[in-house]
Amino acid sequence: MKTWNFKTESNPTDISKKLESKLGFDNGFVFSVDNDEKKSITFKIRKRIIYGWYWAYQNWTIINGKLLKIDTEDKTNVEIYFNQHFLIRILMFTHIFLGLGLLIAIIAGISNSNSLYIFGGIILVLGVLLWVALQRKFENDSQKYKTLISEILES
């Protein structure tokens, strides 16, 4: 999870309206807002899945945010948290643990098959490569969302 904090010169309701108008249903995002009693607004943004194959490359980063009104003047403290989708993390850890489990089973002497060495090694390498690729994509997506949100709030 990555955190991004900044302050802006608008009130929380104006910011949520701006974000909702630019990132709403018509623009390919799911944007949900929840008003809190403590003068804070929480929101959640993620890409909308239109077709099944979109899940494979679009819906990996979920944004959770909180807009906190600062008592002085008309300022807002914005806290945004970037998370990877839960299913993507499960996919990555499954590959890594399956590969490690196979290699540990071979080392422990449960199986002596040479094909399991190769299969376990391939699964482990795929899990590590998947982890590296997912981290890189998560960093790129986080930077794109930061740019998008800052452009929306500046307008």
# chains A, B, ... in the order shown; residues from 1 in each chain; ligands from 1

call {"tool": "select_by_dssp", "arguments": {"residues": "chain A", "states": "strand (DSSP E or B)", "output": "number ranges by chain"}}
result
A: 2-8, 29-35, 40-47, 61-69, 76-84

call {"tool": "write_last_selection", "arguments": {"atoms": "N, CA, C and O atoms", "output": "compact mmCIF listing (two decimals), in the first residue's frame"}}
result
# COMPACT_ATOMS: atom_id res chain seq x y z
N LYS A 2 0.58 2.16 -0.89
CA LYS A 2 1.28 3.43 -0.95
C LYS A 2 0.35 4.53 -0.46
O LYS A 2 -0.85 4.49 -0.68
N THR A 3 0.92 5.53 0.19
CA THR A 3 0.15 6.64 0.71
C THR A 3 0.61 7.93 0.05
O THR A 3 1.80 8.14 -0.16
N TRP A 4 -0.35 8.80 -0.24
CA TRP A 4 -0.07 10.10 -0.83
C TRP A 4 -0.91 11.12 -0.08
O TRP A 4 -2.14 11.05 -0.07
N ASN A 5 -0.27 12.08 0.57
CA ASN A 5 -0.95 13.13 1.34
C ASN A 5 -0.62 14.49 0.76
O ASN A 5 0.53 14.75 0.41
N PHE A 6 -1.61 15.37 0.70
CA PHE A 6 -1.38 16.76 0.30
C PHE A 6 -2.54 17.61 0.78
O PHE A 6 -3.57 17.10 1.21
N LYS A 7 -2.35 18.92 0.72
CA LYS A 7 -3.39 19.86 1.12
C LYS A 7 -3.82 20.66 -0.10
O LYS A 7 -3.02 20.95 -0.97
N THR A 8 -5.10 21.02 -0.12
CA THR A 8 -5.63 21.79 -1.23
C THR A 8 -6.48 22.93 -0.71
O THR A 8 -6.90 22.93 0.44
N PHE A 29 -14.74 4.71 -14.81
CA PHE A 29 -14.30 4.43 -13.45
C PHE A 29 -15.51 4.13 -12.57
O PHE A 29 -16.63 4.55 -12.86
N VAL A 30 -15.26 3.43 -11.49
CA VAL A 30 -16.26 3.27 -10.44
C VAL A 30 -15.81 4.20 -9.32
O VAL A 30 -14.71 4.08 -8.79
N PHE A 31 -16.65 5.16 -8.98
CA PHE A 31 -16.33 6.15 -7.96
C PHE A 31 -17.43 6.11 -6.92
O PHE A 31 -18.58 6.41 -7.21
N SER A 32 -17.10 5.71 -5.71
CA SER A 32 -18.10 5.67 -4.64
C SER A 32 -17.67 6.60 -3.52
O SER A 32 -16.50 6.66 -3.16
N VAL A 33 -18.63 7.33 -2.99
CA VAL A 33 -18.38 8.34 -1.95
C VAL A 33 -19.19 7.99 -0.72
O VAL A 33 -20.33 7.56 -0.80
N ASP A 34 -18.58 8.23 0.46
CA ASP A 34 -19.27 8.01 1.73
C ASP A 34 -18.97 9.21 2.62
O ASP A 34 -17.82 9.51 2.91
N ASN A 35 -20.03 9.92 3.04
CA ASN A 35 -19.86 11.06 3.93
C ASN A 35 -19.82 10.60 5.37
O ASN A 35 -20.64 9.79 5.79
N SER A 40 -15.57 14.55 7.22
CA SER A 40 -14.64 13.93 6.30
C SER A 40 -15.44 13.14 5.26
O SER A 40 -16.54 12.68 5.53
N ILE A 41 -14.87 13.03 4.10
CA ILE A 41 -15.50 12.29 3.01
C ILE A 41 -14.52 11.22 2.57
O ILE A 41 -13.35 11.51 2.32
N THR A 42 -14.98 9.98 2.50
CA THR A 42 -14.13 8.91 2.00
C THR A 42 -14.62 8.53 0.61
O THR A 42 -15.81 8.59 0.31
N PHE A 43 -13.68 8.13 -0.23
CA PHE A 43 -14.03 7.72 -1.58
C PHE A 43 -13.17 6.55 -2.01
O PHE A 43 -12.13 6.28 -1.42
N LYS A 44 -13.65 5.88 -3.05
CA LYS A 44 -12.95 4.72 -3.60
C LYS A 44 -13.04 4.82 -5.11
O LYS A 44 -14.13 5.05 -5.65
N ILE A 45 -11.90 4.64 -5.78
CA ILE A 45 -11.85 4.72 -7.24
C ILE A 45 -11.18 3.45 -7.77
O ILE A 45 -10.16 3.02 -7.25
N ARG A 46 -11.77 2.90 -8.81
CA ARG A 46 -11.13 1.81 -9.54
C ARG A 46 -11.68 1.82 -10.95
O ARG A 46 -12.72 2.38 -11.22
N LYS A 47 -10.93 1.18 -11.84
CA LYS A 47 -11.38 1.08 -13.23
C LYS A 47 -12.55 0.12 -13.31
O LYS A 47 -12.59 -0.88 -12.62
N THR A 61 -5.24 -1.71 -9.70
CA THR A 61 -4.98 -0.72 -8.66
C THR A 61 -6.31 -0.14 -8.17
O THR A 61 -7.13 0.29 -8.96
N ILE A 62 -6.46 -0.13 -6.86
CA ILE A 62 -7.65 0.43 -6.23
C ILE A 62 -7.20 1.62 -5.38
O ILE A 62 -6.22 1.53 -4.65
N ILE A 63 -7.93 2.70 -5.48
CA ILE A 63 -7.59 3.92 -4.75
C ILE A 63 -8.63 4.16 -3.68
O ILE A 63 -9.83 4.21 -3.96
N ASN A 64 -8.18 4.29 -2.45
CA ASN A 64 -9.04 4.68 -1.33
C ASN A 64 -8.56 6.05 -0.86
O ASN A 64 -7.35 6.26 -0.71
N GLY A 65 -9.49 6.95 -0.64
CA GLY A 65 -9.09 8.29 -0.22
C GLY A 65 -9.97 8.85 0.85
O GLY A 65 -11.09 8.38 1.08
N LYS A 66 -9.43 9.86 1.51
CA LYS A 66 -10.18 10.53 2.57
C LYS A 66 -9.92 12.03 2.43
O LYS A 66 -8.78 12.47 2.28
N LEU A 67 -10.99 12.80 2.47
CA LEU A 67 -10.92 14.26 2.42
C LEU A 67 -11.28 14.79 3.80
O LEU A 67 -12.41 14.64 4.25
N LEU A 68 -10.32 15.39 4.48
CA LEU A 68 -10.52 15.91 5.84
C LEU A 68 -10.51 17.43 5.82
O LEU A 68 -9.54 18.04 5.36
N LYS A 69 -11.57 18.02 6.32
CA LYS A 69 -11.64 19.48 6.36
C LYS A 69 -10.76 20.01 7.48
O LYS A 69 -10.83 19.56 8.61
N THR A 76 -8.45 21.66 2.69
CA THR A 76 -8.74 20.25 2.88
C THR A 76 -7.45 19.45 2.85
O THR A 76 -6.58 19.69 2.01
N ASN A 77 -7.33 18.53 3.77
CA ASN A 77 -6.22 17.59 3.78
C ASN A 77 -6.68 16.33 3.04
O ASN A 77 -7.66 15.71 3.41
N VAL A 78 -5.96 15.96 1.98
CA VAL A 78 -6.33 14.82 1.15
C VAL A 78 -5.37 13.68 1.43
O VAL A 78 -4.15 13.84 1.34
N GLU A 79 -5.91 12.52 1.81
CA GLU A 79 -5.12 11.31 2.04
C GLU A 79 -5.58 10.27 1.03
O GLU A 79 -6.76 9.92 0.99
N ILE A 80 -4.65 9.77 0.23
CA ILE A 80 -4.98 8.79 -0.79
C ILE A 80 -4.10 7.57 -0.59
O ILE A 80 -2.89 7.70 -0.42
N TYR A 81 -4.72 6.39 -0.62
CA TYR A 81 -4.02 5.12 -0.45
C TYR A 81 -4.19 4.29 -1.72
O TYR A 81 -5.31 4.09 -2.18
N PHE A 82 -3.08 3.84 -2.26
CA PHE A 82 -3.10 2.99 -3.45
C PHE A 82 -2.90 1.55 -3.02
O PHE A 82 -1.95 1.24 -2.31
N ASN A 83 -3.77 0.66 -3.46
CA ASN A 83 -3.70 -0.76 -3.12
C ASN A 83 -3.77 -1.59 -4.40
O ASN A 83 -4.44 -1.20 -5.35
N GLN A 84 -3.12 -2.74 -4.37
CA GLN A 84 -3.29 -3.70 -5.45
C GLN A 84 -4.56 -4.49 -5.18
O GLN A 84 -4.93 -4.73 -4.04

call {"tool": "atom_distance", "arguments": {"atom1": "CA of Glu9 in chain A", "atom2": "CA of Lys146 in chain A"}}
result
17.4 Å

call {"tool": "select_by_dssp", "arguments": {"residues": "chain A", "states": "alpha helix (DSSP H)", "output": "MDAnalysis selection string"}}
result
chainID A and resid 12:22 86:107 114:154

call {"tool": "residues_around", "arguments": {"residues": "range 116-130 of chain A", "least_positions_apart": "5", "cutoff": "8 Å", "atoms": "only C-alpha atoms", "output": "list in words"}}
result
Met92, Phe93, Thr94, His95, Ile96, Phe97, Leu98, Gly99, Leu100, Gly101, Leu102, Leu103, Ile106 and Ser111 of chain A

call {"tool": "atom_distance", "arguments": {"atom1": "CA of Pro12 in chain A", "atom2": "CA of His85 in chain A"}}
result
26.4 Å

call {"tool": "atom_distance", "arguments": {"atom1": "CA of Leu23 in chain A", "atom2": "CA of Gln143 in chain A"}}
result
16.3 Å

call {"tool": "closest_residue", "arguments": {"among": "A:Lys137, A:Arg89, A:Arg48, A:Asp74", "to": "Asp14 in chain A", "atoms": "only C-alpha atoms"}}
result
A:Asp74

call {"tool": "decode", "arguments": {"residues": "range 111-145 of chain A", "atoms": "N, CA and C atoms", "output": "PDB file, in the first residue's frame"}}
result
ATOM      1  N   SER A 111       9.678 -36.488  -2.728  1.00  0.00           N
ATOM      2  CA  SER A 111       9.657 -36.956  -4.106  1.00  0.00           C
ATOM      3  C   SER A 111      11.045 -36.781  -4.695  1.00  0.00           C
ATOM      4  N   ASN A 112      11.470 -37.702  -5.526  1.00  0.00           N
ATOM      5  CA  ASN A 112      12.791 -37.642  -6.133  1.00  0.00           C
ATOM      6  C   ASN A 112      12.715 -37.476  -7.647  1.00  0.00           C
ATOM      7  N   SER A 113      11.638 -37.003  -8.146  1.00  0.00           N
ATOM      8  CA  SER A 113      11.446 -36.878  -9.580  1.00  0.00           C
ATOM      9  C   SER A 113      12.172 -35.643 -10.112  1.00  0.00           C
ATOM     10  N   ASN A 114      12.938 -35.830 -11.174  1.00  0.00           N
ATOM     11  CA  ASN A 114      13.636 -34.707 -11.794  1.00  0.00           C
ATOM     12  C   ASN A 114      12.664 -33.738 -12.456  1.00  0.00           C
ATOM     13  N   SER A 115      11.540 -34.249 -12.926  1.00  0.00           N
ATOM     14  CA  SER A 115      10.559 -33.368 -13.553  1.00  0.00           C
ATOM     15  C   SER A 115       9.947 -32.409 -12.528  1.00  0.00           C
ATOM     16  N   LEU A 116       9.867 -32.826 -11.270  1.00  0.00           N
ATOM     17  CA  LEU A 116       9.362 -31.914 -10.232  1.00  0.00           C
ATOM     18  C   LEU A 116      10.356 -30.792  -9.948  1.00  0.00           C
ATOM     19  N   TYR A 117      11.663 -31.075 -10.059  1.00  0.00           N
ATOM     20  CA  TYR A 117      12.659 -30.005  -9.931  1.00  0.00           C
ATOM     21  C   TYR A 117      12.396 -28.920 -10.979  1.00  0.00           C
ATOM     22  N   ILE A 118      12.219 -29.364 -12.191  1.00  0.00           N
ATOM     23  CA  ILE A 118      12.005 -28.419 -13.293  1.00  0.00           C
ATOM     24  C   ILE A 118      10.675 -27.694 -13.109  1.00  0.00           C
ATOM     25  N   PHE A 119       9.614 -28.433 -12.814  1.00  0.00           N
ATOM     26  CA  PHE A 119       8.293 -27.830 -12.646  1.00  0.00           C
ATOM     27  C   PHE A 119       8.279 -26.844 -11.474  1.00  0.00           C
ATOM     28  N   GLY A 120       8.850 -27.243 -10.337  1.00  0.00           N
ATOM     29  CA  GLY A 120       8.903 -26.352  -9.171  1.00  0.00           C
ATOM     30  C   GLY A 120       9.726 -25.106  -9.447  1.00  0.00           C
ATOM     31  N   GLY A 121      10.836 -25.273 -10.135  1.00  0.00           N
ATOM     32  CA  GLY A 121      11.671 -24.120 -10.479  1.00  0.00           C
ATOM     33  C   GLY A 121      10.966 -23.169 -11.423  1.00  0.00           C
ATOM     34  N   ILE A 122      10.269 -23.725 -12.419  1.00  0.00           N
ATOM     35  CA  ILE A 122       9.540 -22.883 -13.373  1.00  0.00           C
ATOM     36  C   ILE A 122       8.422 -22.121 -12.670  1.00  0.00           C
ATOM     37  N   ILE A 123       7.674 -22.793 -11.809  1.00  0.00           N
ATOM     38  CA  ILE A 123       6.583 -22.130 -11.081  1.00  0.00           C
ATOM     39  C   ILE A 123       7.142 -21.024 -10.172  1.00  0.00           C
ATOM     40  N   LEU A 124       8.247 -21.302  -9.493  1.00  0.00           N
ATOM     41  CA  LEU A 124       8.857 -20.297  -8.620  1.00  0.00           C
ATOM     42  C   LEU A 124       9.357 -19.106  -9.424  1.00  0.00           C
ATOM     43  N   VAL A 125      10.027 -19.352 -10.533  1.00  0.00           N
ATOM     44  CA  VAL A 125      10.526 -18.259 -11.380  1.00  0.00           C
ATOM     45  C   VAL A 125       9.359 -17.458 -11.941  1.00  0.00           C
ATOM     46  N   LEU A 126       8.294 -18.130 -12.370  1.00  0.00           N
ATOM     47  CA  LEU A 126       7.113 -17.402 -12.850  1.00  0.00           C
ATOM     48  C   LEU A 126       6.504 -16.536 -11.750  1.00  0.00           C
ATOM     49  N   GLY A 127       6.457 -17.047 -10.534  1.00  0.00           N
ATOM     50  CA  GLY A 127       5.921 -16.261  -9.421  1.00  0.00           C
ATOM     51  C   GLY A 127       6.757 -15.031  -9.134  1.00  0.00           C
ATOM     52  N   VAL A 128       8.076 -15.186  -9.150  1.00  0.00           N
ATOM     53  CA  VAL A 128       8.958 -14.039  -8.898  1.00  0.00           C
ATOM     54  C   VAL A 128       8.867 -13.025 -10.039  1.00  0.00           C
ATOM     55  N   LEU A 129       8.847 -13.514 -11.296  1.00  0.00           N
ATOM     56  CA  LEU A 129       8.692 -12.602 -12.433  1.00  0.00           C
ATOM     57  C   LEU A 129       7.344 -11.890 -12.401  1.00  0.00           C
ATOM     58  N   LEU A 130       6.306 -12.610 -12.018  1.00  0.00           N
ATOM     59  CA  LEU A 130       4.990 -12.005 -11.881  1.00  0.00           C
ATOM     60  C   LEU A 130       4.992 -10.935 -10.796  1.00  0.00           C
ATOM     61  N   TRP A 131       5.662 -11.219  -9.677  1.00  0.00           N
ATOM     62  CA  TRP A 131       5.752 -10.245  -8.587  1.00  0.00           C
ATOM     63  C   TRP A 131       6.470  -8.976  -9.050  1.00  0.00           C
ATOM     64  N   VAL A 132       7.576  -9.117  -9.766  1.00  0.00           N
ATOM     65  CA  VAL A 132       8.325  -7.955 -10.263  1.00  0.00           C
ATOM     66  C   VAL A 132       7.470  -7.160 -11.250  1.00  0.00           C
ATOM     67  N   ALA A 133       6.793  -7.854 -12.160  1.00  0.00           N
ATOM     68  CA  ALA A 133       5.951  -7.174 -13.147  1.00  0.00           C
ATOM     69  C   ALA A 133       4.782  -6.454 -12.478  1.00  0.00           C
ATOM     70  N   LEU A 134       4.181  -7.097 -11.474  1.00  0.00           N
ATOM     71  CA  LEU A 134       3.060  -6.463 -10.776  1.00  0.00           C
ATOM     72  C   LEU A 134       3.503  -5.237  -9.989  1.00  0.00           C
ATOM     73  N   GLN A 135       4.670  -5.303  -9.370  1.00  0.00           N
ATOM     74  CA  GLN A 135       5.167  -4.135  -8.633  1.00  0.00           C
ATOM     75  C   GLN A 135       5.452  -2.983  -9.578  1.00  0.00           C
ATOM     76  N   ARG A 136       6.025  -3.293 -10.734  1.00  0.00           N
ATOM     77  CA  ARG A 136       6.315  -2.251 -11.729  1.00  0.00           C
ATOM     78  C   ARG A 136       5.024  -1.630 -12.245  1.00  0.00           C
ATOM     79  N   LYS A 137       4.024  -2.474 -12.551  1.00  0.00           N
ATOM     80  CA  LYS A 137       2.742  -1.959 -13.024  1.00  0.00           C
ATOM     81  C   LYS A 137       2.043  -1.150 -11.932  1.00  0.00           C
ATOM     82  N   PHE A 138       2.141  -1.587 -10.691  1.00  0.00           N
ATOM     83  CA  PHE A 138       1.538  -0.860  -9.579  1.00  0.00           C
ATOM     84  C   PHE A 138       2.167   0.526  -9.436  1.00  0.00           C
ATOM     85  N   GLU A 139       3.486   0.609  -9.554  1.00  0.00           N
ATOM     86  CA  GLU A 139       4.168   1.911  -9.478  1.00  0.00           C
ATOM     87  C   GLU A 139       3.729   2.816 -10.626  1.00  0.00           C
ATOM     88  N   ASN A 140       3.663   2.272 -11.843  1.00  0.00           N
ATOM     89  CA  ASN A 140       3.237   3.067 -12.997  1.00  0.00           C
ATOM     90  C   ASN A 140       1.793   3.522 -12.859  1.00  0.00           C
ATOM     91  N   ASP A 141       0.910   2.617 -12.435  1.00  0.00           N
ATOM     92  CA  ASP A 141      -0.495   2.985 -12.250  1.00  0.00           C
ATOM     93  C   ASP A 141      -0.661   4.035 -11.156  1.00  0.00           C
ATOM     94  N   SER A 142       0.092   3.895 -10.063  1.00  0.00           N
ATOM     95  CA  SER A 142       0.015   4.879  -8.979  1.00  0.00           C
ATOM     96  C   SER A 142       0.432   6.248  -9.478  1.00  0.00           C
ATOM     97  N   GLN A 143       1.490   6.298 -10.267  1.00  0.00           N
ATOM     98  CA  GLN A 143       1.957   7.586 -10.799  1.00  0.00           C
ATOM     99  C   GLN A 143       0.935   8.171 -11.770  1.00  0.00           C
ATOM    100  N   LYS A 144       0.316   7.350 -12.596  1.00  0.00           N
ATOM    101  CA  LYS A 144      -0.714   7.832 -13.520  1.00  0.00           C
ATOM    102  C   LYS A 144      -1.910   8.390 -12.757  1.00  0.00           C
ATOM    103  N   TYR A 145      -2.336   7.683 -11.703  1.00  0.00           N
ATOM    104  CA  TYR A 145      -3.468   8.167 -10.908  1.00  0.00           C
ATOM    105  C   TYR A 145      -3.109   9.454 -10.167  1.00  0.00           C
TER     106      TYR A 145
END
